[in-house]
Structure formats: structure tokens, C-alpha cells
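**Student:** Below: one structure in C-alpha cells.
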Amino acid sequence: MEKAVTENRNLEVVRAAFREYYFRQSKMIEIPEGIEKREFGYMPFGQGMVRHISFKGPGEVLAALVREVPSDVYCSNAYYRFPNLPMQEKQWLGADLIFDIDGKDLDLPCVPSHSYPVCSNCGHVSAPSESSDYTCPSCAGKKAEWVSIPCAKCIDGSKKEAKKLIDFLTEDLGIQRSAIRLYFSGNNGFHFHIDDESYRMLDSQARSDLVGYLSGIGLMAESIGVRKSPGGDLAYVKFPKSGLAYGWRKKIADRLKIDNTSTIRLTHLVQQKGGFSAFQSEIDAIARQAGVRIDPQVTTDVHRIFRMPGTLNSKSGLVKKRCELDSIDSFEPFSEACLLGDSRVQVQMKTHVRFKLKGESFNISKESAELPAFAAVYLLCKGLAQVA
Amino acid sequence: MGPKDWEDDPLQNADYAKYPFLNDVSEFIRRSHFDFEEFDRPEMKDIVDEAAKRIEIEVDGKVYPDLDRFQKEVWTFLASLMMVKSLGIESIIRKYALFEAMRAENFLADDLKKIKDQNKIHLLLLKVFEELFKVKIKADHDDMRFYKVHVTDYLKRSSHFHEQEWKLINRMVNDGYVFLDAEETVRLFRNELSALIYDRVKAMSIASLPTSIKVKVEELRNSLAPRYEYRTYAVTEYPPCVKHALEVMGRGENLPHSARVMLATYMLAIGKQTDEVVELFKNAPDFNEKITRYQVEHLAGTKGSRVKYSVPSCEKLRNENLCFATEDCAGIINPVQFGRWKRQ
Ligand code: SF4
Ligand SMILES: [Zn+2]
Ligand SMILES: [Zn+2]
């Protein structure tokens, strides 16, 4: 069968499942506050992004979703006077603070075991392998794109980062828990939307400083009292007069087991490390470890359109689904965010895969299989199967 | 020139004398029905002289340190505003505003450190930060040496500072607040205070200038203006980013550090001498010849690390919002390449 034709049939099946979702599950769609000041955008299946759209009310949004059945739907975190004009004429009125935690940025050890190389040249899919060298067994091409089927450990990794972020936001930044809206991203991570007006007017530079704080970048040894002696790489200890009781200073002090009376212990620690620069590197490493892995681009870009809550992610067919802060530990994205139907679809497999969706385990080693729509769409979205 | 009736106010005339730009002081001036012509009266001569001296010192890049009693301070401030306004030289207005701000900053840091009366501190915070800048600042009740600024109020200002210690991560942060000492608290607002004073000058309307002031303005013009003669550069063939920086400079406005580096490295790259490059920065409100020379020599590689710094790439400049590309920029990746294509 011609490649283009199969592609079209794959899209049709996915699109039909998406249409059914937008038609039946419209109550899942979360319409953002201040809708008339937001910019919307969407990707029609198999085409480029359509941006600079505005809607007057929730009804218009829902109608558009059912009519267009896009592969992905986005909404600005920014508010504009004229959301549908070109960027230069929109008149920015502020933007909600947002964060993106992506499992693929966490360098988790489990990733190679569930990442499938897809040949960039011929689309051939190989089984996961630990080696980073790639040669396509079908066309000998050297370039591949790795498609990941996130596992439970990936989700746990993202949850751990999300919980760290919640602590930073509530303890250090004083943001109310009720102002934090947490979502499964629809693929392999979490999105945060912060409903706190005081953060709305921050420009990109201020948000970048905030990202530095949350990620643990740029912490000076001086902040915890280790100062460089003039000349040479020696250091002396003089604690900041505001103390070490809170925020980053406390995090570091706790890890080093010091407080603002431990001059001798700290001096000794610096000597042990081998001087000021070595100690500073140690601080850098500890801070990166204790910081949160967030995507800096997402938070600092104040003109972005961001996946809209309650809509489907075309990388997986899963929903960007709300997760209550208190139930993050028990939240199971692969069942709770899997909301497509279960009519049967016959697919042809490109490789062997194992995954779990809606509480059902799939271990497919046959060449073709008949699967419920939600599972078939998952594999089609990942490019690991095609419609038979 | 009667005293203001703020007897039961914890802040007294001696306090207000330090902050002549406060709303209460403007209100006092309004209610005193002071006529500008009164500056011509013989007993005002001191005040007029003092105002001129103050401007000269500030234009020289120094803080005017003396503090007199309330009435004298108020009229001196008013006279200096009028003089700077009538001089009408943009770089002088900016410099005056900056050093007036720094003067107030010194007084304010001192007050915040020394005043023990909580009511008085509270009122000062209210009058300065809340009334002028719409920012609530709280005293830290656990430790009198510190003030609490909301994280977002802090970030809006600190993110324009370049020093690493102003990065939020190097601050004591808890429950939505940044803890700052008195100096840091007032430093955070320097730009706004200077902008406020700048706006006061700009907003002033003087129907007719009293003779005594007019005479002083002419004296000042003769002594100061030669330094500020409009320097025009042959900017036509410079790339848009450099042109923009020169224009900002020409208006006597502050250029961000990264823009200064771009301007200096570009000028050095096209073969300008250190002296010529230093000269370009003369209009900057915070110009300090020694520091600027040192920095330019550092970039030129004649001092310090002996590394000659290259001109930042267009991509870097774009990321820093310093790029103002036009179609003539097509195909270049560094400002030094600007115009080369066409010439070939
Ligand atoms: S494209 Fe390069 S040369 Fe042109 S304005 Fe931007 S930074 Fe300057
Ligand atoms: Zn191939
Ligand atoms: Zn995994």
C-alpha cells in the first residue's frame, strides 16, 4: 500500500476517535478564565498551526472543537486586548505563570528500555536498544527519531518533580495551594497553571530569574556564608546577616548539616572540597539536584500558546487531565487521562510493544492485532502501528 | 511659608525635608500659594544659589550631601527643578534625576536603619513606597533590620540588575516575601525614584521665569552646556542595533549593560580607538570616565584578561531584545558583517 494512503487512513481513524471525544465528552474541556482576552490556536490533522484566533464564549470554543476536530488545541496563558490581531498589535495585558515538567528531560535510566527508534528515512521501527548508535535494518539510514512509551517509573519521576515544584511554590513563593492547577500533560509529564494575579505582569526577564530560582541555577556560595578571600582560592566564612533559616539557604544548610553557628564545620567543609571554586562547584551540583527540572522556555515565553486543559494530545491520544494536588500520588494518568472509546480497530504492528492503558495490559508481539480504539489510537499516534 | 500642620504626625518637618518629592510636600507647596516671583526676593538669594550649586554637583556625578531645615530644602528643591527644566538639556535632566534619587536613597536607608519607632517606620514606608510606587513593603517584626518585599515586586525590579547577588536565588525568600536590609530595599527603587523626579521636571510648567532663576540658568548653561553639546555620529552605515544604541545614548537615557558591551565591541571591531569609544558613553546619566575607560580597555583586551572580546552575534542580540533588524540585515550573523554584502 502507498505510504501516503496509509498515512491518511491512520489520520482518519485517529480523527474519528478525537471527534467522538469532543462530541461526547465536552464537559471535560476546561474553558480558561478571561476567554475573550486569550489567543487560541490549533493544529488541523496533518497540517500546520492555525493561530491568532479568539472566541467570545465557551459555546464558541466547544462548537469549534466539534467542527474542526483538531489534532491539538492551544490557548495563550497571556491576556491581550486584541487576541486575534498579529502579535505586534495584540497589546499584551499580562500572562498567567505556567510550568512544564517533561519526563523526557529527567534523564531517567528506564528511558532506553522503552524508546523505539523510528527511521527518519523509511519509517522502519526497531525494538528498543541501549546503544545510541543507530543503523536502520531496512534502509541502512543512520538517523532515527526515538518514540517513547512512558513507563510507571517515568510518571513517578515527573510526579517527584511536580511535588518539588509544589513545595517551592507554596513554601518559598507563598502561592496558595488553591491557586495551583496541576495537569497531566497528555503524554509524559505535568503542566502547572498558576492563578495568582500578582505574577501576571512579570515580564520574560523576571520569569527567567524565577526559573533560575526554581531550577537551582546560580546560587552563590556567598549566600550561605562562604566568601572568597582576596587573591588565591581560599575562602572564609561569614554568614549572611539575614541568616540561613529559609528558602535555598535552608535547603543547602540542611544538606550540609550546618546552621548559622557552624563556622568551623563549614570552614572545614570548604577545605575538604579543596578551596572556594571546588566548593562553589559542589554548591552548583547540590542546587541542581534539589531544584526542579522545568522547561525554561515555557515559563519565560509570555506570548506562548499552551495546550488547553481537557483537550487531546496527538502524541498519545490522551487528555491533558486535571490532577488534584492532594491525590497526585494515586493519580494514574494512563487510566484517568485515557478517555477515548473502545470500538475495535484492526492494526498492523511495526514492532513488538508492551504498554498499559485504562488498567488493561497490552503485550503485542503479533504482526497485526484487533485493539480497542483508545489503544489503537495510542499506537497510531506514536507511529508504532498503522491501520490494517 | 508657614509650617505644615502635621503636629500629630509622627513624621515631622525634619523628616519631610529629606524627601521633597513626596505627595505631602507637593500638597504643602500648593497650599502655601507660593508665587515663583518670590524667588527674586533678597532673602531667597541663598536658596537660589544653593539650588544652582546642587545641580552642578549632581551633573558632575556626585551626590549633594547637605541637608538643611524643611522650608529651605523645599524651596531649594523647587528652584532646582525650575532650573533644570529651563535648561532643557535631556542628559542634564536625567543626571539630575538620578543623583537626586541617590541622595534620597541615602537618607531613606539611614532612616530605615535608625528609626526605632514602628509607627514612624510604617508611615515612612507608606509615604514613600506605597504612595509613590504602589508597592507595599512591610517591616520584618521578627528582626528590625529587615524589610519584606513581595517576590513579584522584587522580581519586577531586580531582574534588570546585572549583579549575581540580586538574582532571586541568592536572596532570603520565604512565604512569598524577599527579605532585604534597608540599603537593599531602597536600592531596589532607585530607577523608579529617578524616573519620578524626571517626570516632575518634565511635567512642570513655568509661565514666566523669575529673574534670579533666569540669571542662574544662563550661568549654568554656559558652564555645563559645552559638555553636552549634541554629539552627532555618522550613524548612517551602522547596523540597526548599533544605531538604536547610539540614539538611546544620544537622548541621555540609560543603556542596559549588554547593549553597552555590544556598542563598545562593535566600535572597537571597526577600528575605533579606546578614547573615541569612551567618548560615545559621555551622555550616559551614570557616566564615570574612569570606570568606562577601564571597561572599554578590558573589552579591547588591552587591560585585564588580555582577551579581545568579539561582537555578540545577531542571535545573541536577538535573544536579549537588542536586535532591530531591517531588511538590510538579511543573511548576516554578526553586526560587523552589516553592509559588507552590499559593498562587494
Ligand atoms: S540582525 Fe544583527 S545586525 Fe541586524 S539589527 Fe539584528 S543584531 Fe543588529
Ligand atoms: Zn530506514
Ligand atoms: Zn520509564
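For the C-alpha cells, the naming scheme is as follows: chains receive sequential letters (A, B, ...) according to their order of presentation, residues are indexed from 1 within each chain, and ligands are indexed from 1 in presentation order.
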As a list in words, list the residues of segment 108-149 of chain B assigned to strand (DSSP E or B) by DSSP on the backbone atoms of this structure.
**Tutor:** Ile137, Lys138, Ala139, Phe146, Tyr147, Lys148 and Val149 of chain B
**Student:** Residues of chain B no more than 8 Å from chain A, counting only C-alpha atoms: send them over as number ranges by chain.
**Tutor:** B: 146, 151-152, 155-156, 158-160, 164-165, 167-177, 179
**Student:** Please produce a file of the residues just selected, as an mmCIF file, in the first residue's frame, where the atoms kept are N, CA, C and O atoms.
**Tutor:**
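This is the output file out23.cif:
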data_model
loop_
_atom_site.group_PDB
_atom_site.id
_atom_site.type_symbol
_atom_site.label_atom_id
_atom_site.label_comp_id
_atom_site.auth_asym_id
_atom_site.auth_seq_id
_atom_site.Cartn_x
_atom_site.Cartn_y
_atom_site.Cartn_z
ATOM 1 N N PHE B 146 15.322 44.053 58.911
ATOM 2 C CA PHE B 146 14.880 43.632 57.589
ATOM 3 C C PHE B 146 13.494 44.128 57.172
ATOM 4 O O PHE B 146 12.637 44.390 58.006
ATOM 5 N N VAL B 151 7.665 38.848 46.468
ATOM 6 C CA VAL B 151 8.522 38.285 45.425
ATOM 7 C C VAL B 151 8.301 38.954 44.063
ATOM 8 O O VAL B 151 9.263 39.286 43.361
ATOM 9 N N THR B 152 7.044 39.190 43.702
ATOM 10 C CA THR B 152 6.801 39.749 42.371
ATOM 11 C C THR B 152 7.234 41.219 42.296
ATOM 12 O O THR B 152 7.753 41.654 41.281
ATOM 13 N N LEU B 155 10.997 40.915 41.891
ATOM 14 C CA LEU B 155 11.442 40.454 40.573
ATOM 15 C C LEU B 155 11.273 41.510 39.488
ATOM 16 O O LEU B 155 12.107 41.634 38.605
ATOM 17 N N LYS B 156 10.173 42.257 39.556
ATOM 18 C CA LYS B 156 9.921 43.274 38.535
ATOM 19 C C LYS B 156 11.090 44.245 38.449
ATOM 20 O O LYS B 156 11.363 44.814 37.414
ATOM 21 N N SER B 158 14.414 43.734 40.323
ATOM 22 C CA SER B 158 15.755 43.143 40.409
ATOM 23 C C SER B 158 16.194 42.499 39.101
ATOM 24 O O SER B 158 17.373 42.397 38.830
ATOM 25 N N SER B 159 15.232 42.054 38.297
ATOM 26 C CA SER B 159 15.644 41.331 37.095
ATOM 27 C C SER B 159 16.344 42.270 36.107
ATOM 28 O O SER B 159 16.933 41.812 35.144
ATOM 29 N N HIS B 160 16.301 43.573 36.355
ATOM 30 C CA HIS B 160 17.032 44.492 35.483
ATOM 31 C C HIS B 160 18.437 44.781 36.012
ATOM 32 O O HIS B 160 19.196 45.493 35.390
ATOM 33 N N GLN B 164 25.009 39.237 40.215
ATOM 34 C CA GLN B 164 24.541 37.909 40.585
ATOM 35 C C GLN B 164 23.825 37.900 41.936
ATOM 36 O O GLN B 164 22.891 37.139 42.149
ATOM 37 N N GLU B 165 24.256 38.753 42.862
ATOM 38 C CA GLU B 165 23.647 38.691 44.195
ATOM 39 C C GLU B 165 22.206 39.194 44.213
ATOM 40 O O GLU B 165 21.493 38.965 45.179
ATOM 41 N N LYS B 167 20.065 38.121 41.973
ATOM 42 C CA LYS B 167 19.245 37.009 41.487
ATOM 43 C C LYS B 167 18.435 36.468 42.662
ATOM 44 O O LYS B 167 18.951 36.329 43.766
ATOM 45 N N LEU B 168 17.188 36.147 42.386
ATOM 46 C CA LEU B 168 16.294 35.713 43.467
ATOM 47 C C LEU B 168 16.892 34.561 44.277
ATOM 48 O O LEU B 168 16.742 34.497 45.501
ATOM 49 N N ILE B 169 17.599 33.681 43.590
ATOM 50 C CA ILE B 169 18.127 32.502 44.280
ATOM 51 C C ILE B 169 19.145 32.874 45.366
ATOM 52 O O ILE B 169 19.352 32.130 46.307
ATOM 53 N N ASN B 170 19.753 34.036 45.232
ATOM 54 C CA ASN B 170 20.727 34.445 46.246
ATOM 55 C C ASN B 170 20.114 35.319 47.338
ATOM 56 O O ASN B 170 20.825 35.969 48.103
ATOM 57 N N ARG B 171 18.826 35.321 47.398
ATOM 58 C CA ARG B 171 18.111 36.118 48.390
ATOM 59 C C ARG B 171 17.449 35.213 49.411
ATOM 60 O O ARG B 171 17.139 34.058 49.123
ATOM 61 N N MET B 172 17.183 35.781 50.545
ATOM 62 C CA MET B 172 16.417 35.061 51.554
ATOM 63 C C MET B 172 14.946 35.197 51.153
ATOM 64 O O MET B 172 14.413 36.311 51.121
ATOM 65 N N VAL B 173 14.319 34.068 50.833
ATOM 66 C CA VAL B 173 12.931 34.092 50.350
ATOM 67 C C VAL B 173 12.099 33.180 51.235
ATOM 68 O O VAL B 173 12.489 32.049 51.511
ATOM 69 N N ASN B 174 10.959 33.673 51.680
ATOM 70 C CA ASN B 174 10.059 32.810 52.433
ATOM 71 C C ASN B 174 8.623 33.297 52.326
ATOM 72 O O ASN B 174 8.361 34.492 52.442
ATOM 73 N N ASP B 175 7.729 32.363 52.092
ATOM 74 C CA ASP B 175 6.297 32.626 52.087
ATOM 75 C C ASP B 175 5.902 33.830 51.229
ATOM 76 O O ASP B 175 5.062 34.640 51.621
ATOM 77 N N GLY B 176 6.519 33.946 50.074
ATOM 78 C CA GLY B 176 6.130 34.993 49.144
ATOM 79 C C GLY B 176 6.864 36.309 49.311
ATOM 80 O O GLY B 176 6.593 37.259 48.581
ATOM 81 N N TYR B 177 7.765 36.367 50.277
ATOM 82 C CA TYR B 177 8.485 37.619 50.501
ATOM 83 C C TYR B 177 9.992 37.451 50.405
ATOM 84 O O TYR B 177 10.543 36.405 50.748
ATOM 85 N N PHE B 179 13.475 39.063 51.839
ATOM 86 C CA PHE B 179 13.935 39.844 52.985
ATOM 87 C C PHE B 179 15.139 40.682 52.589
ATOM 88 O O PHE B 179 16.151 40.141 52.160
#
**Student:** Could you please extract the residues within 10 Å of ligand 1, counting only C-alpha atoms and all ligand atoms, and hand them back as a VMD selection string?
**Tutor:** chain B and resid 238 to 244 262 311 to 339
**Student:** Please provide as number ranges by chain all residues within 12 Å of Gly123 of chain A, with the sequence filter that same-chain residues fewer than 2 positions apart are discarded (counting only C-alpha atoms).
**Tutor:** A: 3, 7, 116-121, 125-126, 136-147, 350-351, 382-386
**Student:** Can you tell me which residues come within 8 Å of ligand 3 when counting only C-alpha atoms and all ligand atoms, ideally as a list in words?
**Tutor:**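 Listing the residues within 8 Å of ligand 3 gives Leu108, Pro109, Cys110, Val111, Ser113, His114, Ile149, Pro150, Cys151, Ala152, Lys153, Cys154 and Ile155 of chain A.
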**Student:** Once you have the residues from the selection above, write them out as a CSV table (one decimal), in the first residue's frame, restricted to N, CA and C atoms.
**Tutor:**
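In the end it all went to part10.csv:
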chain,number,residue,atom,x,y,z
A,108,LEU,N,16.0,9.8,33.0
A,108,LEU,CA,15.7,8.6,33.8
A,108,LEU,C,16.3,7.4,33.1
A,109,PRO,N,16.8,6.5,34.0
A,109,PRO,CA,17.5,5.3,33.5
A,109,PRO,C,16.6,4.3,32.7
A,110,CYS,N,15.3,4.4,33.0
A,110,CYS,CA,14.4,3.4,32.3
A,110,CYS,C,14.2,3.8,30.8
A,111,VAL,N,14.5,5.0,30.4
A,111,VAL,CA,14.0,5.5,29.1
A,111,VAL,C,14.5,4.6,27.9
A,113,SER,N,15.0,1.6,27.7
A,113,SER,CA,14.3,0.3,27.6
A,113,SER,C,12.9,0.4,27.0
A,114,HIS,N,12.4,1.6,26.8
A,114,HIS,CA,11.1,1.8,26.2
A,114,HIS,C,11.1,2.9,25.1
A,149,ILE,N,7.4,5.1,25.0
A,149,ILE,CA,6.2,4.7,25.7
A,149,ILE,C,6.5,4.8,27.1
A,150,PRO,N,6.1,5.9,27.7
A,150,PRO,CA,6.5,6.2,29.1
A,150,PRO,C,6.0,5.1,30.0
A,151,CYS,N,6.9,4.7,31.0
A,151,CYS,CA,6.5,3.6,31.9
A,151,CYS,C,6.1,4.2,33.3
A,152,ALA,N,5.8,3.4,34.2
A,152,ALA,CA,5.4,3.9,35.5
A,152,ALA,C,6.5,4.7,36.2
A,153,LYS,N,7.7,4.3,36.0
A,153,LYS,CA,8.8,5.0,36.6
A,153,LYS,C,9.0,6.4,36.0
A,154,CYS,N,8.7,6.5,34.7
A,154,CYS,CA,8.7,7.9,34.1
A,154,CYS,C,7.7,8.8,34.8
A,155,ILE,N,6.5,8.2,35.0
A,155,ILE,CA,5.5,9.0,35.6
A,155,ILE,C,5.8,9.4,37.1
**Student:** Using only C-alpha atoms and all ligand atoms, which residue out of A:Cys122, A:Ile166, A:Leu325, A:Ile258 lies closest to ligand 2?
**Tutor:**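 Looking only at the distances to ligand 2, the closest residue turns out to be A:Cys122.
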**Student:** Need to verify the contact set: segment 270-287 of chain B, 7 Å, only C-alpha atoms, exclusion of same-chain residues closer than 2 positions in sequence. Can you return it as a VMD selection string?
**Tutor:** chain B and resid 91 94 to 95 249 to 250 252 to 254 264 266 to 268 289 292 to 293 296 to 297
